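Colleague: Provided below: work33.pdb, containing PDB, C-alpha atoms, pLDDT in the B column.
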ATOM      1  CA  MET T  18       7.353  16.310  55.107  1.00 43.00           C
ATOM      2  CA  ARG T  19       7.666  20.006  54.223  1.00 42.00           C
ATOM      3  CA  THR T  20      10.595  21.689  52.515  1.00 41.00           C
ATOM      4  CA  PRO T  21      11.743  25.198  53.611  1.00 43.00           C
ATOM      5  CA  GLY T  22       9.564  26.631  50.834  1.00 44.00           C
ATOM      6  CA  GLY T  23       6.451  25.031  52.311  1.00 43.00           C
ATOM      7  CA  ARG T  24       5.910  22.320  49.697  1.00 42.00           C
ATOM      8  CA  SER T  25       5.631  18.673  50.577  1.00 40.00           C
ATOM      9  CA  SER T  26       8.613  16.532  49.525  1.00 38.00           C
ATOM     10  CA  GLY T  27       6.636  15.006  46.658  1.00 40.00           C
ATOM     11  CA  GLU T  28       5.595  18.328  45.121  1.00 38.00           C
ATOM     12  CA  CYS T  29       8.393  19.195  42.682  1.00 38.00           C
ATOM     13  CA  LEU T  30       5.911  20.989  40.391  1.00 33.00           C
ATOM     14  CA  THR T  31       7.392  24.295  39.317  1.00 41.00           C
ATOM     15  CA  ARG T  32      10.263  24.488  36.857  1.00 44.00           C
ATOM     16  CA  ARG T  33      12.582  26.020  39.448  1.00 39.00           C
ATOM     17  CA  THR T  34      11.666  23.416  42.070  1.00 36.00           C
ATOM     18  CA  ALA T  35      12.066  20.608  39.552  1.00 39.00           C
ATOM     19  CA  LEU T  36      15.540  21.856  38.620  1.00 39.00           C
ATOM     20  CA  HIS T  37      16.451  22.137  42.299  1.00 37.00           C
ATOM     21  CA  CYS T  38      15.290  18.546  42.925  1.00 36.00           C
ATOM     22  CA  LEU T  39      17.237  17.351  39.895  1.00 38.00           C
ATOM     23  CA  ALA T  40      20.400  19.103  41.115  1.00 40.00           C
ATOM     24  CA  LEU T  41      20.053  17.497  44.541  1.00 34.00           C
ATOM     25  CA  SER T  42      19.556  14.078  42.973  1.00 37.00           C
ATOM     26  CA  MET T  43      22.614  14.498  40.785  1.00 39.00           C
ATOM     27  CA  ALA T  44      24.745  15.691  43.700  1.00 36.00           C
ATOM     28  CA  THR T  45      23.731  12.651  45.711  1.00 34.00           C
ATOM     29  CA  GLY T  46      24.647  10.424  42.785  1.00 40.00           C
ATOM     30  CA  MET T  47      27.948  12.148  42.179  1.00 38.00           C
ATOM     31  CA  PHE T  48      29.215  11.860  45.726  1.00 37.00           C
ATOM     32  CA  GLY T  49      27.514   8.738  46.998  1.00 39.00           C
ATOM     33  CA  GLU T  50      28.956   5.238  46.994  1.00 39.00           C
ATOM     34  CA  GLY T  51      27.318   4.375  43.692  1.00 39.00           C
ATOM     35  CA  GLY T  52      29.630   6.654  41.717  1.00 40.00           C
ATOM     36  CA  PRO T  53      29.176   9.588  39.368  1.00 40.00           C
ATOM     37  CA  ALA T  54      25.642  10.569  38.426  1.00 35.00           C
ATOM     38  CA  PHE T  55      26.576  10.773  34.761  1.00 41.00           C
ATOM     39  CA  ALA T  56      28.277   7.365  34.633  1.00 44.00           C
ATOM     40  CA  THR T  57      25.691   5.835  32.305  1.00 52.00           C
ATOM     41  CA  GLY T  58      27.473   5.580  28.947  1.00 77.00           C
ATOM     42  CA  VAL T  59      29.302   2.686  27.331  1.00 79.00           C
ATOM     43  CA  ASP T  60      32.600   4.050  28.641  1.00 87.00           C
ATOM     44  CA  SER T  61      31.203   3.865  32.198  1.00 88.00           C
ATOM     45  CA  ALA T  62      30.006   0.248  32.175  1.00 88.00           C
ATOM     46  CA  ARG T  63      31.628  -1.905  34.857  1.00 92.00           C
ATOM     47  CA  PRO T  64      34.414  -4.313  33.861  1.00 93.00           C
ATOM     48  CA  ARG T  65      33.154  -7.504  32.223  1.00 93.00           C
ATOM     49  CA  GLU T  66      34.527 -10.956  31.652  1.00 96.00           C
ATOM     50  CA  GLY T  67      36.727 -10.892  28.569  1.00 96.00           C
ATOM     51  CA  ASP T  68      37.690  -7.219  28.893  1.00 97.00           C
ATOM     52  CA  ARG T  69      41.371  -6.356  28.617  1.00 97.00           C
ATOM     53  CA  LEU T  70      43.227  -3.732  30.627  1.00 98.00           C
ATOM     54  CA  VAL T  71      45.020  -0.606  29.466  1.00 97.00           C
ATOM     55  CA  ALA T  72      47.287   1.758  31.414  1.00 97.00           C
ATOM     56  CA  GLU T  73      45.210   4.524  33.009  1.00 95.00           C
ATOM     57  CA  ASP T  74      47.329   7.321  31.522  1.00 93.00           C
ATOM     58  CA  SER T  75      47.417   5.878  27.996  1.00 93.00           C
ATOM     59  CA  GLU T  76      46.062   7.836  25.047  1.00 91.00           C
ATOM     60  CA  GLY T  77      44.758   6.823  21.656  1.00 91.00           C
ATOM     61  CA  LYS T  78      43.787   3.289  20.700  1.00 93.00           C
ATOM     62  CA  PRO T  79      43.969   1.019  23.797  1.00 94.00           C
ATOM     63  CA  LYS T  80      46.897  -1.382  23.920  1.00 95.00           C
ATOM     64  CA  ALA T  81      46.211  -4.429  26.089  1.00 97.00           C
ATOM     65  CA  LEU T  82      48.503  -4.820  29.085  1.00 98.00           C
ATOM     66  CA  GLN T  83      50.784  -7.828  29.010  1.00 97.00           C
ATOM     67  CA  LEU T  84      51.881  -9.902  31.998  1.00 97.00           C
ATOM     68  CA  LEU T  85      55.416  -8.543  31.551  1.00 97.00           C
ATOM     69  CA  ASP T  86      54.133  -4.961  31.973  1.00 97.00           C
ATOM     70  CA  ILE T  87      53.462  -5.633  35.675  1.00 97.00           C
ATOM     71  CA  LYS T  88      56.627  -6.125  37.719  1.00 96.00           C
ATOM     72  CA  ILE T  89      56.856  -8.190  40.904  1.00 95.00           C
ATOM     73  CA  GLY T  90      56.982  -5.964  43.994  1.00 90.00           C
ATOM     74  CA  ASP T  91      56.261  -2.666  42.206  1.00 94.00           C
ATOM     75  CA  LYS T  92      53.744  -0.151  43.556  1.00 93.00           C
ATOM     76  CA  PRO T  93      50.157  -0.554  42.264  1.00 96.00           C
ATOM     77  CA  PHE T  94      49.823  -0.074  38.513  1.00 97.00           C
ATOM     78  CA  GLY T  95      46.753   1.964  37.520  1.00 97.00           C
ATOM     79  CA  ALA T  96      44.584   0.689  34.669  1.00 98.00           C
ATOM     80  CA  PHE T  97      41.133   0.835  33.101  1.00 97.00           C
ATOM     81  CA  PRO T  98      39.223  -1.987  31.385  1.00 97.00           C
ATOM     82  CA  PHE T  99      38.357  -1.949  27.715  1.00 96.00           C
ATOM     83  CA  ASN T 100      36.364  -4.161  25.402  1.00 93.00           C
ATOM     84  CA  PRO T 101      38.698  -5.514  22.706  1.00 93.00           C
ATOM     85  CA  ALA T 102      35.757  -5.779  20.267  1.00 92.00           C
ATOM     86  CA  ASP T 103      35.020  -2.037  20.176  1.00 92.00           C
ATOM     87  CA  GLY T 104      38.213  -0.604  21.713  1.00 92.00           C
ATOM     88  CA  ILE T 105      36.292   1.632  24.132  1.00 92.00           C
ATOM     89  CA  LYS T 106      38.274   2.433  27.273  1.00 94.00           C
ATOM     90  CA  ARG T 107      35.853   2.309  30.223  1.00 93.00           C
ATOM     91  CA  GLU T 108      37.155   5.463  31.913  1.00 93.00           C
ATOM     92  CA  GLY T 109      33.836   7.288  32.100  1.00 92.00           C
ATOM     93  CA  SER T 110      33.499   6.319  35.765  1.00 93.00           C
ATOM     94  CA  ARG T 111      36.371   6.621  38.243  1.00 93.00           C
ATOM     95  CA  LEU T 112      34.917   3.532  39.951  1.00 95.00           C
ATOM     96  CA  ASN T 113      36.266   1.569  36.994  1.00 96.00           C
ATOM     97  CA  ARG T 114      39.829   2.460  37.966  1.00 97.00           C
ATOM     98  CA  ILE T 115      41.735  -0.741  38.663  1.00 97.00           C
ATOM     99  CA  ILE T 116      45.092  -1.324  40.318  1.00 98.00           C
ATOM    100  CA  LEU T 117      47.361  -4.254  39.574  1.00 98.00           C
ATOM    101  CA  VAL T 118      50.029  -5.795  41.796  1.00 98.00           C
ATOM    102  CA  ARG T 119      52.170  -8.824  41.121  1.00 97.00           C
ATOM    103  CA  PHE T 120      53.709 -11.573  43.233  1.00 96.00           C
ATOM    104  CA  ASP T 121      56.012 -14.439  42.378  1.00 96.00           C
ATOM    105  CA  SER T 122      53.675 -17.289  41.427  1.00 94.00           C
ATOM    106  CA  SER T 123      55.802 -19.762  43.390  1.00 94.00           C
ATOM    107  CA  GLU T 124      54.823 -17.938  46.612  1.00 94.00           C
ATOM    108  CA  LEU T 125      51.075 -18.249  46.033  1.00 95.00           C
ATOM    109  CA  THR T 126      48.563 -20.909  47.031  1.00 96.00           C
ATOM    110  CA  PRO T 127      46.349 -22.622  44.431  1.00 95.00           C
ATOM    111  CA  ASP T 128      43.393 -20.417  45.509  1.00 93.00           C
ATOM    112  CA  GLN T 129      45.472 -17.268  45.098  1.00 95.00           C
ATOM    113  CA  LEU T 130      46.713 -18.383  41.696  1.00 94.00           C
ATOM    114  CA  ALA T 131      43.130 -19.053  40.601  1.00 93.00           C
ATOM    115  CA  ARG T 132      42.213 -15.375  41.215  1.00 93.00           C
ATOM    116  CA  SER T 133      45.316 -14.024  39.507  1.00 96.00           C
ATOM    117  CA  ALA T 134      46.903 -14.012  36.069  1.00 97.00           C
ATOM    118  CA  ASP T 135      50.276 -15.635  36.714  1.00 96.00           C
ATOM    119  CA  GLY T 136      50.594 -13.773  40.028  1.00 97.00           C
ATOM    120  CA  VAL T 137      48.990 -10.497  38.846  1.00 98.00           C
ATOM    121  CA  PHE T 138      46.066  -9.435  41.056  1.00 98.00           C
ATOM    122  CA  ALA T 139      43.493  -6.745  40.234  1.00 98.00           C
ATOM    123  CA  PHE T 140      41.577  -4.594  42.732  1.00 98.00           C
ATOM    124  CA  SER T 141      39.362  -1.546  42.699  1.00 97.00           C
ATOM    125  CA  GLY T 142      41.544   1.558  42.675  1.00 97.00           C
ATOM    126  CA  VAL T 143      39.068   3.433  44.910  1.00 96.00           C
ATOM    127  CA  CYS T 144      39.365   3.073  48.680  1.00 96.00           C
ATOM    128  CA  PRO T 145      36.166   1.795  50.359  1.00 95.00           C
ATOM    129  CA  HIS T 146      36.748   4.171  53.283  1.00 95.00           C
ATOM    130  CA  ARG T 147      36.364   7.688  51.848  1.00 92.00           C
ATOM    131  CA  GLY T 148      36.749   7.097  48.143  1.00 93.00           C
ATOM    132  CA  CYS T 149      40.362   8.229  47.688  1.00 94.00           C
ATOM    133  CA  ASP T 150      42.405   6.846  44.798  1.00 94.00           C
ATOM    134  CA  VAL T 151      44.542   3.958  46.014  1.00 96.00           C
ATOM    135  CA  THR T 152      48.062   4.358  44.618  1.00 95.00           C
ATOM    136  CA  GLU T 153      50.659   3.310  47.189  1.00 96.00           C
ATOM    137  CA  TRP T 154      52.483   0.197  48.355  1.00 95.00           C
ATOM    138  CA  ASN T 155      53.807  -0.866  51.773  1.00 95.00           C
ATOM    139  CA  ASP T 156      56.902  -2.722  50.637  1.00 93.00           C
ATOM    140  CA  LYS T 157      57.795  -4.033  54.112  1.00 94.00           C
ATOM    141  CA  ASP T 158      54.479  -5.856  54.624  1.00 95.00           C
ATOM    142  CA  ARG T 159      53.645  -6.090  50.896  1.00 95.00           C
ATOM    143  CA  MET T 160      50.302  -4.405  51.343  1.00 97.00           C
ATOM    144  CA  ILE T 161      48.314  -2.016  49.168  1.00 97.00           C
ATOM    145  CA  LEU T 162      48.170   1.371  50.903  1.00 96.00           C
ATOM    146  CA  CYS T 163      45.702   4.250  50.656  1.00 96.00           C
ATOM    147  CA  TYR T 164      47.671   7.381  51.504  1.00 92.00           C
ATOM    148  CA  CYS T 165      44.625   9.496  52.513  1.00 93.00           C
ATOM    149  CA  HIS T 166      43.902   7.739  55.826  1.00 94.00           C
ATOM    150  CA  LEU T 167      46.514   4.945  55.776  1.00 95.00           C
ATOM    151  CA  SER T 168      44.160   2.038  55.235  1.00 97.00           C
ATOM    152  CA  GLN T 169      46.089  -1.027  54.095  1.00 97.00           C
ATOM    153  CA  PHE T 170      44.811  -4.058  52.197  1.00 98.00           C
ATOM    154  CA  ASP T 171      46.232  -7.552  51.824  1.00 97.00           C
ATOM    155  CA  PRO T 172      46.291  -8.478  48.120  1.00 96.00           C
ATOM    156  CA  ARG T 173      47.028 -12.138  48.851  1.00 95.00           C
ATOM    157  CA  ASN T 174      44.012 -12.373  51.187  1.00 95.00           C
ATOM    158  CA  GLN T 175      41.330 -11.118  48.791  1.00 95.00           C
ATOM    159  CA  GLY T 176      41.969  -7.460  49.621  1.00 96.00           C
ATOM    160  CA  ALA T 177      41.223  -7.898  53.346  1.00 97.00           C
ATOM    161  CA  VAL T 178      41.787  -4.869  55.587  1.00 97.00           C
ATOM    162  CA  PHE T 179      45.236  -5.171  57.174  1.00 97.00           C
ATOM    163  CA  ALA T 180      45.293  -1.790  58.960  1.00 97.00           C
ATOM    164  CA  GLY T 181      43.468   1.542  59.089  1.00 95.00           C
ATOM    165  CA  PRO T 182      39.851   2.709  59.092  1.00 95.00           C
ATOM    166  CA  ALA T 183      38.556   1.048  55.896  1.00 96.00           C
ATOM    167  CA  PRO T 184      35.248  -0.702  56.735  1.00 95.00           C
ATOM    168  CA  ARG T 185      35.567  -3.542  54.232  1.00 96.00           C
ATOM    169  CA  PRO T 186      38.017  -5.256  51.872  1.00 97.00           C
ATOM    170  CA  LEU T 187      39.219  -3.680  48.676  1.00 97.00           C
ATOM    171  CA  PRO T 188      37.028  -5.219  45.933  1.00 97.00           C
ATOM    172  CA  ILE T 189      38.957  -7.807  43.928  1.00 97.00           C
ATOM    173  CA  LEU T 190      38.566  -8.443  40.212  1.00 97.00           C
ATOM    174  CA  PRO T 191      39.436 -11.978  39.054  1.00 96.00           C
ATOM    175  CA  LEU T 192      41.950 -12.278  36.225  1.00 97.00           C
ATOM    176  CA  LYS T 193      43.320 -14.812  33.791  1.00 97.00           C
ATOM    177  CA  SER T 194      45.862 -14.626  31.000  1.00 96.00           C
ATOM    178  CA  GLU T 195      45.424 -15.337  27.310  1.00 96.00           C
ATOM    179  CA  GLN T 196      48.441 -15.255  25.023  1.00 94.00           C
ATOM    180  CA  SER T 197      50.300 -13.205  27.666  1.00 95.00           C
ATOM    181  CA  GLU T 198      47.527 -10.569  27.835  1.00 97.00           C
ATOM    182  CA  ILE T 199      45.839  -9.802  31.168  1.00 98.00           C
ATOM    183  CA  VAL T 200      42.146 -10.645  30.833  1.00 98.00           C
ATOM    184  CA  ILE T 201      39.262  -9.945  33.235  1.00 97.00           C
ATOM    185  CA  ALA T 202      37.683 -13.230  34.320  1.00 97.00           C
ATOM    186  CA  GLY T 203      34.610 -11.984  36.204  1.00 95.00           C
ATOM    187  CA  GLU T 204      33.034  -9.121  38.138  1.00 95.00           C
ATOM    188  CA  PHE T 205      34.227  -7.177  41.182  1.00 95.00           C
ATOM    189  CA  SER T 206      33.764  -9.146  44.410  1.00 94.00           C
ATOM    190  CA  SER T 207      31.722  -6.188  45.748  1.00 94.00           C
ATOM    191  CA  GLU T 208      30.618  -2.771  44.507  1.00 93.00           C
ATOM    192  CA  PRO T 209      33.596  -0.399  44.299  1.00 94.00           C
ATOM    193  CA  GLY T 210      33.497   2.994  45.977  1.00 90.00           C
ATOM    194  CA  GLY T 211      33.730   4.706  49.330  1.00 78.00           C
ATOM    195  CA  ALA T 212      31.706   6.901  51.657  1.00 65.00           C
ATOM    196  CA  LYS T 213      30.011  10.109  50.576  1.00 52.00           C
ATOM    197  CA  ALA T 214      32.902  12.543  50.894  1.00 36.00           C
ATOM    198  CA  ILE T 215      36.642  12.665  51.201  1.00 39.00           C
ATOM    199  CA  ASP T 216      37.824  14.100  54.531  1.00 38.00           C
TER     200      ASP T 216
END
As structure tokens - that is how I would like this structure written.
Modeller:
Amino acid sequence: MRTPGGRSSGECLTRRTALHCLALSMATGMFGEGGPAFATGVDSARPREGDRLVAEDSEGKPKALQLLDIKIGDKPFGAFPFNPADGIKREGSRLNRIILVRFDSSELTPDQLARSADGVFAFSGVCPHRGCDVTEWNDKDRMILCYCHLSQFDPRNQGAVFAGPAPRPLPILPLKSEQSEIVIAGEFSSEPGGAKAID
């Protein structure tokens, strides 16, 4: 296959061509489903079992979110994971953004309770449709809502698509509680992120 300059696709030999190829690779990484091209540091590592959560807009030393910080019926609460051993907030990749919603534990099934921390559920905060930040709440149906294209997700049904164009569920992150702190209990159910560009 030839590029407009006449070289075959494997011939990134000159400095200028090499830089051009690198820029294209980085652009693909930045806007593709896999997340930012530069998301390779410790602060970009995906959430891990045992991580705590901190409010997304917090500054300074991370303070672990408590169960009481998340109110039943409130709109999604934005957070990032952090490792309590080193205190590093994993905000280097926007695909680590997590949203929390809470339900009354008495309304939940045993399976639902097993994925939550006393009724607190965690999901990717990035819509799997076009990669918008998910921030809203449909109070009538009690669904997570992406305002960009009005996709809605059912937090009690593992983030299943309730309405809108999203092609798959919102990835769920299992939780547990330890001494009233919200603790990550496993990995995302699927890779977070959306399509290549936001409409």
Colleague: Running the PyMOL selection byres ((chain T and resi 185-202) around 8) on this model by hand, what would come out? Give it as a VMD selection string.
Modeller: chain T and resid 64 to 70 81 to 85 132 to 135 137 to 141 144 to 146 170 175 to 178 183 to 184 203 to 209
Colleague: How many Å lie between atom CA of Gly95 of chain T and atom CA of Ala72 of chain T, rounded to one decimal?
Modeller: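 Atom-to-atom, atom CA of Gly95 of chain T and atom CA of Ala72 of chain T are spaced 6.1 Å apart.
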Colleague: Report, in Å with one decimal, the straight-line distance from atom CA of Gly142 of chain T to atom CA of Arg114 of chain T.
Modeller: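 Atom-to-atom, atom CA of Gly142 of chain T and atom CA of Arg114 of chain T are spaced 5.1 Å apart.
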Colleague: Excluding His166 of chain T and any residue of its chain fewer than 2 positions from it, enumerate the residues within 12 Å of it, using only C-alpha atoms, and give them as a PyMOL selection string.
Modeller: chain T and resi 144-151+153+162-164+168-169+180-183+215-216
Colleague: Please evaluate the PyMOL selection byres ((chain T and resi 91-94) around 6) against the displayed coordinates and give the resulting residues as a PyMOL selection string.
Modeller: chain T and resi 88-90+95+116-118+152-154
Colleague: Expressed in Å to a single decimal, how great is the separation between atom CA of Ser110 of chain T and atom CA of Ala96 of chain T?
Modeller: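 Spanning atom CA of Ser110 of chain T to atom CA of Ala96 of chain T is a straight-line distance of 12.5 Å.
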Colleague: Return the single residue from T:Arg63, T:Arg173, T:Lys78, T:Lys157 that is closest to Ala131 of chain T, with distances computed using all atoms listed in the file.
Modeller: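 Distance minimum relative to Ala131 of chain T lands on T:Arg173.
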Colleague: Report as a list in words the residues that result from applying the PyMOL selection byres ((chain T and resi 59) around 12) to the structure here.
Modeller: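 Applied to this file, the PyMOL selection byres ((chain T and resi 59) around 12) returns Phe55, Ala56, Thr57, Gly58, Asp60, Ser61, Ala62, Arg63, Pro64, Arg65, Pro98, Phe99, Asn100, Asp103, Gly104, Ile105, Lys106, Arg107, Glu108, Gly109, Ser110 and Asn113 of chain T.
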Colleague: So that I have them on file, write out the residues from the current selection with C-alpha atoms, as a short mmCIF file (atom, residue, chain, number, x, y, z; two decimals), in the frame of the given file.
Modeller:
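The result, written out as result.cif:
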data_model
loop_
_atom_site.label_atom_id
_atom_site.label_comp_id
_atom_site.auth_asym_id
_atom_site.auth_seq_id
_atom_site.Cartn_x
_atom_site.Cartn_y
_atom_site.Cartn_z
CA PHE T 55 26.58 10.77 34.76
CA ALA T 56 28.28 7.36 34.63
CA THR T 57 25.69 5.84 32.30
CA GLY T 58 27.47 5.58 28.95
CA ASP T 60 32.60 4.05 28.64
CA SER T 61 31.20 3.86 32.20
CA ALA T 62 30.01 0.25 32.17
CA ARG T 63 31.63 -1.90 34.86
CA PRO T 64 34.41 -4.31 33.86
CA ARG T 65 33.15 -7.50 32.22
CA PRO T 98 39.22 -1.99 31.38
CA PHE T 99 38.36 -1.95 27.72
CA ASN T 100 36.36 -4.16 25.40
CA ASP T 103 35.02 -2.04 20.18
CA GLY T 104 38.21 -0.60 21.71
CA ILE T 105 36.29 1.63 24.13
CA LYS T 106 38.27 2.43 27.27
CA ARG T 107 35.85 2.31 30.22
CA GLU T 108 37.16 5.46 31.91
CA GLY T 109 33.84 7.29 32.10
CA SER T 110 33.50 6.32 35.76
CA ASN T 113 36.27 1.57 36.99
#
